[in-house]
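Next comes model19.txt, a file with compact mmCIF, N, CA and C atoms.
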```txt
# COMPACT_ATOMS: atom_id res chain seq x y z
N MET A 1 96.58 96.36 91.96
CA MET A 1 95.19 96.68 92.22
C MET A 1 95.02 97.12 93.68
N LEU A 2 95.67 96.38 94.59
CA LEU A 2 95.57 96.72 96.00
C LEU A 2 96.15 98.10 96.28
N VAL A 3 97.25 98.43 95.60
CA VAL A 3 97.88 99.74 95.82
C VAL A 3 96.94 100.85 95.38
N ILE A 4 96.26 100.66 94.26
CA ILE A 4 95.33 101.68 93.78
C ILE A 4 94.18 101.86 94.77
N VAL A 5 93.63 100.76 95.26
CA VAL A 5 92.53 100.84 96.22
C VAL A 5 93.01 101.50 97.52
N ALA A 6 94.20 101.13 97.98
CA ALA A 6 94.73 101.72 99.22
C ALA A 6 94.97 103.21 99.05
N ALA A 7 95.55 103.61 97.91
CA ALA A 7 95.82 105.03 97.68
C ALA A 7 94.52 105.82 97.58
N LEU A 8 93.54 105.27 96.86
CA LEU A 8 92.26 105.98 96.74
C LEU A 8 91.55 106.07 98.09
N ALA A 9 91.64 105.00 98.89
CA ALA A 9 91.03 105.04 100.22
C ALA A 9 91.70 106.10 101.09
N CYS A 10 93.01 106.20 101.03
CA CYS A 10 93.73 107.21 101.81
C CYS A 10 93.35 108.61 101.36
N LEU A 11 93.25 108.81 100.05
CA LEU A 11 92.85 110.13 99.54
C LEU A 11 91.42 110.47 99.95
N ALA A 12 90.53 109.47 99.91
CA ALA A 12 89.15 109.71 100.33
C ALA A 12 89.09 110.06 101.82
N LEU A 13 89.90 109.39 102.63
CA LEU A 13 89.93 109.70 104.05
C LEU A 13 90.50 111.10 104.29
N GLY A 14 91.48 111.49 103.49
CA GLY A 14 92.01 112.84 103.60
C GLY A 14 90.96 113.88 103.25
N TRP A 15 90.21 113.60 102.18
CA TRP A 15 89.13 114.52 101.79
C TRP A 15 88.08 114.60 102.90
N TRP A 16 87.72 113.49 103.48
CA TRP A 16 86.73 113.46 104.57
C TRP A 16 87.22 114.27 105.77
N GLN A 17 88.50 114.11 106.12
CA GLN A 17 89.03 114.87 107.24
C GLN A 17 89.09 116.37 106.93
N TRP A 18 89.34 116.72 105.67
CA TRP A 18 89.34 118.13 105.28
C TRP A 18 87.93 118.72 105.44
N GLU A 19 86.93 117.96 105.02
CA GLU A 19 85.56 118.43 105.19
C GLU A 19 85.19 118.55 106.67
N ARG A 20 85.67 117.62 107.47
CA ARG A 20 85.44 117.71 108.92
C ARG A 20 86.11 118.95 109.50
N PHE A 21 87.30 119.27 109.02
CA PHE A 21 88.02 120.45 109.50
C PHE A 21 87.26 121.73 109.16
N GLU A 22 86.67 121.77 107.95
CA GLU A 22 85.95 122.97 107.53
C GLU A 22 84.57 123.09 108.17
N SER A 23 84.08 122.01 108.80
CA SER A 23 82.77 122.08 109.44
C SER A 23 82.87 122.88 110.75
N SER A 24 81.74 123.12 111.35
CA SER A 24 81.73 123.92 112.58
C SER A 24 82.36 123.18 113.75
N SER A 25 82.40 121.86 113.71
CA SER A 25 82.99 121.09 114.80
C SER A 25 84.42 120.66 114.49
N GLY A 26 85.00 121.15 113.41
CA GLY A 26 86.35 120.75 113.02
C GLY A 26 87.40 121.33 113.94
N THR A 27 88.47 120.56 114.13
CA THR A 27 89.56 121.00 114.99
C THR A 27 90.88 120.90 114.22
N GLY A 28 91.94 121.30 114.89
CA GLY A 28 93.26 121.19 114.29
C GLY A 28 93.67 119.75 114.06
N GLN A 29 93.12 118.85 114.85
CA GLN A 29 93.42 117.44 114.67
C GLN A 29 92.90 116.96 113.32
N ASN A 30 91.71 117.43 112.93
CA ASN A 30 91.17 117.07 111.62
C ASN A 30 92.07 117.60 110.50
N LEU A 31 92.60 118.80 110.68
CA LEU A 31 93.51 119.36 109.68
C LEU A 31 94.77 118.50 109.58
N GLY A 32 95.29 118.08 110.72
CA GLY A 32 96.47 117.22 110.70
C GLY A 32 96.22 115.92 109.96
N TYR A 33 95.07 115.32 110.23
CA TYR A 33 94.73 114.08 109.52
C TYR A 33 94.51 114.34 108.04
N ALA A 34 93.90 115.48 107.71
CA ALA A 34 93.65 115.80 106.30
C ALA A 34 94.96 115.94 105.54
N LEU A 35 96.00 116.40 106.19
CA LEU A 35 97.30 116.51 105.53
C LEU A 35 98.09 115.20 105.59
N GLN A 36 97.77 114.36 106.55
CA GLN A 36 98.49 113.12 106.75
C GLN A 36 98.05 112.01 105.79
N TRP A 37 96.76 111.91 105.52
CA TRP A 37 96.26 110.82 104.67
C TRP A 37 96.84 110.84 103.26
N PRO A 38 96.95 112.00 102.60
CA PRO A 38 97.59 111.97 101.28
C PRO A 38 99.05 111.50 101.33
N LEU A 39 99.74 111.76 102.43
CA LEU A 39 101.11 111.25 102.57
C LEU A 39 101.11 109.72 102.62
N PHE A 40 100.12 109.15 103.32
CA PHE A 40 100.01 107.69 103.35
C PHE A 40 99.76 107.14 101.94
N ALA A 41 98.92 107.81 101.18
CA ALA A 41 98.64 107.37 99.80
C ALA A 41 99.91 107.43 98.97
N GLY A 42 100.66 108.51 99.11
CA GLY A 42 101.91 108.64 98.37
C GLY A 42 102.91 107.58 98.77
N PHE A 43 102.96 107.25 100.05
CA PHE A 43 103.88 106.21 100.50
C PHE A 43 103.51 104.85 99.93
N ALA A 44 102.22 104.55 99.86
CA ALA A 44 101.79 103.26 99.30
C ALA A 44 102.24 103.14 97.84
N VAL A 45 102.08 104.21 97.08
CA VAL A 45 102.50 104.19 95.67
C VAL A 45 104.02 104.09 95.57
N PHE A 46 104.73 104.88 96.39
CA PHE A 46 106.19 104.84 96.38
C PHE A 46 106.70 103.44 96.73
N ALA A 47 106.14 102.83 97.80
CA ALA A 47 106.60 101.51 98.22
C ALA A 47 106.34 100.47 97.13
N TYR A 48 105.20 100.58 96.45
CA TYR A 48 104.91 99.63 95.37
C TYR A 48 105.96 99.70 94.28
N PHE A 49 106.24 100.91 93.80
CA PHE A 49 107.22 101.04 92.72
C PHE A 49 108.62 100.68 93.19
N ARG A 50 108.93 100.92 94.44
CA ARG A 50 110.25 100.55 94.98
C ARG A 50 110.39 99.03 95.01
N PHE A 51 109.36 98.33 95.48
CA PHE A 51 109.43 96.87 95.52
C PHE A 51 109.49 96.27 94.13
N VAL A 52 108.76 96.85 93.18
CA VAL A 52 108.82 96.36 91.80
C VAL A 52 110.24 96.51 91.27
N ARG A 53 110.85 97.67 91.53
CA ARG A 53 112.21 97.89 91.05
C ARG A 53 113.20 96.93 91.71
N LEU A 54 113.04 96.68 93.00
CA LEU A 54 113.94 95.74 93.68
C LEU A 54 113.78 94.33 93.12
N GLU A 55 112.56 93.93 92.81
CA GLU A 55 112.34 92.59 92.23
C GLU A 55 112.97 92.48 90.86
N THR A 56 112.82 93.50 90.03
CA THR A 56 113.42 93.43 88.69
C THR A 56 114.94 93.44 88.77
N GLU A 57 115.51 94.19 89.72
CA GLU A 57 116.96 94.17 89.88
C GLU A 57 117.44 92.80 90.33
N ALA A 58 116.68 92.18 91.24
CA ALA A 58 117.06 90.84 91.72
C ALA A 58 116.95 89.82 90.59
N ASP A 59 115.92 89.94 89.75
CA ASP A 59 115.78 89.03 88.62
C ASP A 59 116.91 89.21 87.61
N GLU A 60 117.32 90.46 87.38
CA GLU A 60 118.40 90.73 86.44
C GLU A 60 119.72 90.16 86.94
N GLN A 61 119.93 90.15 88.24
CA GLN A 61 121.18 89.62 88.79
C GLN A 61 121.23 88.10 88.69
N HIS A 62 120.07 87.44 88.74
CA HIS A 62 120.05 85.98 88.73
C HIS A 62 119.96 85.38 87.33
N THR A 63 119.60 86.16 86.33
CA THR A 63 119.53 85.63 84.96
C THR A 63 120.83 85.95 84.24
N PRO A 64 121.43 84.95 83.60
CA PRO A 64 122.67 85.22 82.88
C PRO A 64 122.37 86.02 81.61
N ALA A 65 123.17 87.01 81.38
CA ALA A 65 122.98 87.85 80.20
C ALA A 65 123.74 87.25 79.02
N ALA A 66 123.11 87.28 77.85
CA ALA A 66 123.76 86.74 76.66
C ALA A 66 124.95 87.61 76.27
N ALA A 67 124.73 88.90 76.30
CA ALA A 67 125.82 89.82 75.99
C ALA A 67 125.78 90.94 77.03
N PRO A 68 126.91 91.39 77.46
CA PRO A 68 126.88 92.46 78.45
C PRO A 68 126.30 93.73 77.85
N ARG A 69 125.48 94.39 78.64
CA ARG A 69 124.87 95.63 78.15
C ARG A 69 125.89 96.75 78.18
N ARG A 70 125.81 97.58 77.21
CA ARG A 70 126.73 98.71 77.13
C ARG A 70 125.97 99.96 77.55
N THR A 71 126.49 100.64 78.53
CA THR A 71 125.85 101.86 78.97
C THR A 71 126.85 102.99 78.93
N ASP A 72 126.36 104.17 78.70
CA ASP A 72 127.23 105.34 78.66
C ASP A 72 127.49 105.88 80.07
N SER A 73 126.61 105.58 80.99
CA SER A 73 126.78 106.07 82.36
C SER A 73 127.72 105.13 83.12
N PRO A 74 128.41 105.66 84.12
CA PRO A 74 129.29 104.79 84.90
C PRO A 74 128.46 103.73 85.64
N THR A 75 129.11 102.60 85.90
CA THR A 75 128.39 101.50 86.55
C THR A 75 127.98 101.91 87.95
N LYS A 76 126.76 101.55 88.27
CA LYS A 76 126.19 101.89 89.58
C LYS A 76 126.45 100.73 90.52
N LYS A 77 127.00 101.04 91.67
CA LYS A 77 127.27 100.01 92.66
C LYS A 77 125.94 99.54 93.25
N PRO A 78 125.69 98.23 93.30
CA PRO A 78 124.41 97.75 93.82
C PRO A 78 124.28 98.07 95.31
N ALA A 79 123.07 98.35 95.71
CA ALA A 79 122.80 98.65 97.12
C ALA A 79 122.94 97.37 97.94
N PRO A 80 123.47 97.48 99.14
CA PRO A 80 123.62 96.27 99.97
C PRO A 80 122.26 95.71 100.35
N ARG A 81 122.16 94.39 100.35
CA ARG A 81 120.90 93.72 100.67
C ARG A 81 120.92 93.14 102.08
N GLU A 82 122.09 92.99 102.67
CA GLU A 82 122.21 92.41 104.00
C GLU A 82 123.06 93.32 104.86
N ILE A 83 122.88 93.22 106.14
CA ILE A 83 123.71 93.98 107.08
C ILE A 83 125.01 93.22 107.25
N PRO A 84 126.14 93.86 106.97
CA PRO A 84 127.42 93.15 107.12
C PRO A 84 127.68 92.76 108.57
N ALA A 85 128.38 91.67 108.74
CA ALA A 85 128.70 91.19 110.08
C ALA A 85 129.62 92.19 110.77
N GLY A 86 129.43 92.37 112.04
CA GLY A 86 130.30 93.24 112.82
C GLY A 86 129.79 94.67 112.96
N ILE A 87 128.74 95.05 112.23
CA ILE A 87 128.22 96.42 112.34
C ILE A 87 127.35 96.55 113.59
N LEU A 88 126.48 95.58 113.79
CA LEU A 88 125.60 95.62 114.94
C LEU A 88 126.31 95.08 116.17
N PRO A 89 126.00 95.61 117.34
CA PRO A 89 126.64 95.07 118.56
C PRO A 89 126.12 93.67 118.85
N GLU A 90 126.94 92.91 119.54
CA GLU A 90 126.56 91.55 119.91
C GLU A 90 125.43 91.59 120.93
N ARG A 91 124.54 90.64 120.85
CA ARG A 91 123.48 90.55 121.85
C ARG A 91 124.08 90.08 123.17
N PRO A 92 123.62 90.65 124.27
CA PRO A 92 124.18 90.22 125.55
C PRO A 92 123.75 88.79 125.87
N LYS A 93 124.65 88.06 126.44
CA LYS A 93 124.38 86.67 126.82
C LYS A 93 123.92 86.66 128.28
N ALA A 94 123.01 85.77 128.59
CA ALA A 94 122.55 85.63 129.97
C ALA A 94 123.67 85.04 130.80
N ALA A 95 123.87 85.63 131.94
CA ALA A 95 124.94 85.16 132.82
C ALA A 95 124.57 83.79 133.39
N ARG A 96 125.49 82.88 133.34
CA ARG A 96 125.27 81.55 133.89
C ARG A 96 125.59 81.61 135.37
N ASP A 97 124.59 81.35 136.17
CA ASP A 97 124.78 81.44 137.62
C ASP A 97 124.73 80.04 138.20
N ASP A 98 125.81 79.62 138.81
CA ASP A 98 125.88 78.29 139.41
C ASP A 98 125.71 78.35 140.92
N ASP A 99 124.85 79.24 141.37
CA ASP A 99 124.60 79.41 142.80
C ASP A 99 123.74 78.24 143.28
N PRO A 100 124.22 77.44 144.22
CA PRO A 100 123.42 76.29 144.69
C PRO A 100 122.15 76.70 145.42
N ALA A 101 122.17 77.82 146.11
CA ALA A 101 120.96 78.27 146.81
C ALA A 101 119.88 78.66 145.80
N LEU A 102 120.29 79.30 144.72
CA LEU A 102 119.33 79.68 143.68
C LEU A 102 118.76 78.43 142.99
N ALA A 103 119.62 77.44 142.73
CA ALA A 103 119.14 76.20 142.11
C ALA A 103 118.14 75.48 143.01
N GLU A 104 118.42 75.46 144.30
CA GLU A 104 117.50 74.82 145.25
C GLU A 104 116.16 75.57 145.31
N TYR A 105 116.21 76.88 145.28
CA TYR A 105 114.99 77.68 145.30
C TYR A 105 114.16 77.46 144.04
N ASN A 106 114.83 77.37 142.90
CA ASN A 106 114.12 77.11 141.64
C ASN A 106 113.46 75.73 141.65
N LYS A 107 114.14 74.73 142.23
CA LYS A 107 113.53 73.40 142.35
C LYS A 107 112.29 73.47 143.24
N TYR A 108 112.38 74.22 144.33
CA TYR A 108 111.25 74.38 145.25
C TYR A 108 110.07 75.03 144.53
N LEU A 109 110.32 76.09 143.74
CA LEU A 109 109.24 76.75 142.99
C LEU A 109 108.63 75.81 141.96
N ALA A 110 109.46 75.00 141.29
CA ALA A 110 108.94 74.05 140.31
C ALA A 110 108.06 73.00 140.97
N ALA A 111 108.46 72.54 142.16
CA ALA A 111 107.64 71.55 142.87
C ALA A 111 106.31 72.16 143.30
N LEU A 112 106.33 73.40 143.79
CA LEU A 112 105.07 74.07 144.17
C LEU A 112 104.15 74.22 142.97
N ASN A 113 104.71 74.58 141.83
CA ASN A 113 103.91 74.74 140.62
C ASN A 113 103.31 73.40 140.19
N ALA A 114 104.10 72.35 140.23
CA ALA A 114 103.60 71.02 139.84
C ALA A 114 102.50 70.56 140.79
N GLU A 115 102.68 70.83 142.07
CA GLU A 115 101.67 70.44 143.05
C GLU A 115 100.37 71.21 142.82
N GLU A 116 100.47 72.49 142.53
CA GLU A 116 99.27 73.28 142.27
C GLU A 116 98.56 72.82 140.99
N LEU A 117 99.33 72.50 139.96
CA LEU A 117 98.71 72.01 138.73
C LEU A 117 98.00 70.68 138.96
N ASP A 118 98.64 69.77 139.72
CA ASP A 118 97.99 68.49 140.03
C ASP A 118 96.70 68.71 140.80
N ASP A 119 96.71 69.65 141.74
CA ASP A 119 95.51 69.95 142.52
C ASP A 119 94.39 70.49 141.63
N ARG A 120 94.72 71.36 140.70
CA ARG A 120 93.71 71.91 139.78
C ARG A 120 93.14 70.82 138.88
N VAL A 121 94.00 69.92 138.41
CA VAL A 121 93.55 68.84 137.55
C VAL A 121 92.60 67.91 138.31
N ARG A 122 92.94 67.59 139.57
CA ARG A 122 92.08 66.74 140.38
C ARG A 122 90.74 67.40 140.66
N ARG A 123 90.75 68.72 140.96
CA ARG A 123 89.49 69.43 141.22
C ARG A 123 88.62 69.49 139.96
N ALA A 124 89.23 69.46 138.80
CA ALA A 124 88.47 69.47 137.55
C ALA A 124 87.96 68.09 137.20
N GLY A 125 88.35 67.08 137.98
CA GLY A 125 87.87 65.72 137.72
C GLY A 125 88.71 64.99 136.70
N LEU A 126 89.90 65.44 136.48
CA LEU A 126 90.78 64.82 135.49
C LEU A 126 92.00 64.25 136.21
N ASP A 127 91.82 63.14 136.85
CA ASP A 127 92.92 62.54 137.61
C ASP A 127 93.92 61.94 136.62
N THR A 128 95.14 62.45 136.64
CA THR A 128 96.15 62.00 135.68
C THR A 128 96.79 60.67 136.08
N ARG A 129 96.63 60.28 137.32
CA ARG A 129 97.25 59.02 137.76
C ARG A 129 96.46 57.83 137.25
N ASN A 130 95.15 57.95 137.09
CA ASN A 130 94.33 56.86 136.60
C ASN A 130 94.13 57.07 135.11
N THR A 131 94.90 56.33 134.31
CA THR A 131 94.85 56.51 132.86
C THR A 131 93.88 55.58 132.17
N GLU A 132 93.24 54.62 132.91
CA GLU A 132 92.29 53.73 132.29
C GLU A 132 90.97 54.47 132.07
N ARG A 133 90.38 54.19 130.94
CA ARG A 133 89.11 54.85 130.61
C ARG A 133 87.96 53.98 131.09
N SER A 134 86.96 54.63 131.63
CA SER A 134 85.77 53.89 132.05
C SER A 134 84.69 54.09 131.00
N ALA A 135 83.84 53.10 130.86
CA ALA A 135 82.80 53.14 129.85
C ALA A 135 81.57 53.87 130.34
N GLY A 136 81.61 54.47 131.43
CA GLY A 136 80.46 55.27 131.81
C GLY A 136 80.07 55.09 133.18
```
Target format structure tokens, applied to this file:
Amino acid sequence: MLVIVAALACLALGWWQWERFESSSGTGQNLGYALQWPLFAGFAVFAYFRFVRLETEADEQHTPAAAPRRTDSPTKKPAPREIPAGILPERPKAARDDDPALAEYNKYLAALNAEELDDRVRRAGLDTRNTERSAG
């Protein structure tokens, strides 16, 4: 149902853009959109039928068949569902830097940040050191 609504909406938008193109204020951009919207509608329908076919193929693979089907056509090799290992390059790893000066600088920045946060909390009236609640 959603695919039908989406396709009809895309076709209606294409028709609207075509009418805008034919009007006195129409431009080439309207023509481009008028040709583009029907392609979106076609893609929505194509994607729907493709997903339905993939689901039925997946269901057929998981259900045991009582008797093997006999076909006159040669067996079709199933399309791969996952990317095989080793095809994609490895993600780069962050270099581990054991520089003591850098570690000291990072500690200094962390202390400055903590001090600023404590100052903001105190200015907001939320003292974190006093955890007892007062009744008013």
So how many Å separate atom C of A:Ala85 and atom N of A:Leu54, to one decimal?
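Going from atom C of A:Ala85 over to atom N of A:Leu54 covers 24.7 Å.
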If you run DSSP on this backbone, which residues of stretch 19-107 of chain A come out as helix (DSSP H, G or I), and could you give them as a PyMOL selection string?
chain A and resi 19-22+28-62+100-107
Expected file: the selected residues, N, CA and C atoms, as a compact mmCIF listing (two decimals), in the coordinates of the input:
```
# COMPACT_ATOMS: atom_id res chain seq x y z
N GLU A 19 86.93 117.96 105.02
CA GLU A 19 85.56 118.43 105.19
C GLU A 19 85.19 118.55 106.67
N ARG A 20 85.67 117.62 107.47
CA ARG A 20 85.44 117.71 108.92
C ARG A 20 86.11 118.95 109.50
N PHE A 21 87.30 119.27 109.02
CA PHE A 21 88.02 120.45 109.50
C PHE A 21 87.26 121.73 109.16
N GLU A 22 86.67 121.77 107.95
CA GLU A 22 85.95 122.97 107.53
C GLU A 22 84.57 123.09 108.17
N GLY A 28 91.94 121.30 114.89
CA GLY A 28 93.26 121.19 114.29
C GLY A 28 93.67 119.75 114.06
N GLN A 29 93.12 118.85 114.85
CA GLN A 29 93.42 117.44 114.67
C GLN A 29 92.90 116.96 113.32
N ASN A 30 91.71 117.43 112.93
CA ASN A 30 91.17 117.07 111.62
C ASN A 30 92.07 117.60 110.50
N LEU A 31 92.60 118.80 110.68
CA LEU A 31 93.51 119.36 109.68
C LEU A 31 94.77 118.50 109.58
N GLY A 32 95.29 118.08 110.72
CA GLY A 32 96.47 117.22 110.70
C GLY A 32 96.22 115.92 109.96
N TYR A 33 95.07 115.32 110.23
CA TYR A 33 94.73 114.08 109.52
C TYR A 33 94.51 114.34 108.04
N ALA A 34 93.90 115.48 107.71
CA ALA A 34 93.65 115.80 106.30
C ALA A 34 94.96 115.94 105.54
N LEU A 35 96.00 116.40 106.19
CA LEU A 35 97.30 116.51 105.53
C LEU A 35 98.09 115.20 105.59
N GLN A 36 97.77 114.36 106.55
CA GLN A 36 98.49 113.12 106.75
C GLN A 36 98.05 112.01 105.79
N TRP A 37 96.76 111.91 105.52
CA TRP A 37 96.26 110.82 104.67
C TRP A 37 96.84 110.84 103.26
N PRO A 38 96.95 112.00 102.60
CA PRO A 38 97.59 111.97 101.28
C PRO A 38 99.05 111.50 101.33
N LEU A 39 99.74 111.76 102.43
CA LEU A 39 101.11 111.25 102.57
C LEU A 39 101.11 109.72 102.62
N PHE A 40 100.12 109.15 103.32
CA PHE A 40 100.01 107.69 103.35
C PHE A 40 99.76 107.14 101.94
N ALA A 41 98.92 107.81 101.18
CA ALA A 41 98.64 107.37 99.80
C ALA A 41 99.91 107.43 98.97
N GLY A 42 100.66 108.51 99.11
CA GLY A 42 101.91 108.64 98.37
C GLY A 42 102.91 107.58 98.77
N PHE A 43 102.96 107.25 100.05
CA PHE A 43 103.88 106.21 100.50
C PHE A 43 103.51 104.85 99.93
N ALA A 44 102.22 104.55 99.86
CA ALA A 44 101.79 103.26 99.30
C ALA A 44 102.24 103.14 97.84
N VAL A 45 102.08 104.21 97.08
CA VAL A 45 102.50 104.19 95.67
C VAL A 45 104.02 104.09 95.57
N PHE A 46 104.73 104.88 96.39
CA PHE A 46 106.19 104.84 96.38
C PHE A 46 106.70 103.44 96.73
N ALA A 47 106.14 102.83 97.80
CA ALA A 47 106.60 101.51 98.22
C ALA A 47 106.34 100.47 97.13
N TYR A 48 105.20 100.58 96.45
CA TYR A 48 104.91 99.63 95.37
C TYR A 48 105.96 99.70 94.28
N PHE A 49 106.24 100.91 93.80
CA PHE A 49 107.22 101.04 92.72
C PHE A 49 108.62 100.68 93.19
N ARG A 50 108.93 100.92 94.44
CA ARG A 50 110.25 100.55 94.98
C ARG A 50 110.39 99.03 95.01
N PHE A 51 109.36 98.33 95.48
CA PHE A 51 109.43 96.87 95.52
C PHE A 51 109.49 96.27 94.13
N VAL A 52 108.76 96.85 93.18
CA VAL A 52 108.82 96.36 91.80
C VAL A 52 110.24 96.51 91.27
N ARG A 53 110.85 97.67 91.53
CA ARG A 53 112.21 97.89 91.05
C ARG A 53 113.20 96.93 91.71
N LEU A 54 113.04 96.68 93.00
CA LEU A 54 113.94 95.74 93.68
C LEU A 54 113.78 94.33 93.12
N GLU A 55 112.56 93.93 92.81
CA GLU A 55 112.34 92.59 92.23
C GLU A 55 112.97 92.48 90.86
N THR A 56 112.82 93.50 90.03
CA THR A 56 113.42 93.43 88.69
C THR A 56 114.94 93.44 88.77
N GLU A 57 115.51 94.19 89.72
CA GLU A 57 116.96 94.17 89.88
C GLU A 57 117.44 92.80 90.33
N ALA A 58 116.68 92.18 91.24
CA ALA A 58 117.06 90.84 91.72
C ALA A 58 116.95 89.82 90.59
N ASP A 59 115.92 89.94 89.75
CA ASP A 59 115.78 89.03 88.62
C ASP A 59 116.91 89.21 87.61
N GLU A 60 117.32 90.46 87.38
CA GLU A 60 118.40 90.73 86.44
C GLU A 60 119.72 90.16 86.94
N GLN A 61 119.93 90.15 88.24
CA GLN A 61 121.18 89.62 88.79
C GLN A 61 121.23 88.10 88.69
N HIS A 62 120.07 87.44 88.74
CA HIS A 62 120.05 85.98 88.73
C HIS A 62 119.96 85.38 87.33
N PRO A 100 124.22 77.44 144.22
CA PRO A 100 123.42 76.29 144.69
C PRO A 100 122.15 76.70 145.42
N ALA A 101 122.17 77.82 146.11
CA ALA A 101 120.96 78.27 146.81
C ALA A 101 119.88 78.66 145.80
N LEU A 102 120.29 79.30 144.72
CA LEU A 102 119.33 79.68 143.68
C LEU A 102 118.76 78.43 142.99
N ALA A 103 119.62 77.44 142.73
CA ALA A 103 119.14 76.20 142.11
C ALA A 103 118.14 75.48 143.01
N GLU A 104 118.42 75.46 144.30
CA GLU A 104 117.50 74.82 145.25
C GLU A 104 116.16 75.57 145.31
N TYR A 105 116.21 76.88 145.28
CA TYR A 105 114.99 77.68 145.30
C TYR A 105 114.16 77.46 144.04
N ASN A 106 114.83 77.37 142.90
CA ASN A 106 114.12 77.11 141.64
C ASN A 106 113.46 75.73 141.65
N LYS A 107 114.14 74.73 142.23
CA LYS A 107 113.53 73.40 142.35
C LYS A 107 112.29 73.47 143.24
```
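Closest to A:Leu39 among A:Val52, A:Ser24, A:Leu11, A:Ala58 is A:Leu11, based on only N, CA and C atoms.
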Atom pair atom CA of A:Ala12 + atom CA of A:Tyr33, distance 11.6 Å
In Å, with one decimal, what is the gap from atom N of A:Asn113 to atom CA of A:Lys93?
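Separation between atom N of A:Asn113 and atom CA of A:Lys93: 27.5 Å.
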I'd like the box whose edges run along x, y and z of the file and which contains every listed atom of stretch 94-99 of chain A, padded by 8 Å per side; could you state its centre and edge lengths in Å, one decimal, as JSON?
```
{"center_x": 124.2, "center_y": 82.0, "center_z": 135.9, "size_x": 19.3, "size_y": 23.5, "size_z": 30.7}
```
If we count only N, CA and C atoms and set the cut-off at 6 Å, which residues sit around stretch 40-46 of chain A, ignoring sequence neighbours fewer than 2 positions away in its own chain? Please answer as a PyMOL selection string.
chain A and resi 3+6-7+10-11+36-38+48-51
Please identify all polymer residues within 8 Å of A:Arg20, counting only C-alpha atoms, omitting same-chain residues fewer than 5 positions from it, and present them as a VMD selection string.
chain A and resid 25 to 26 30
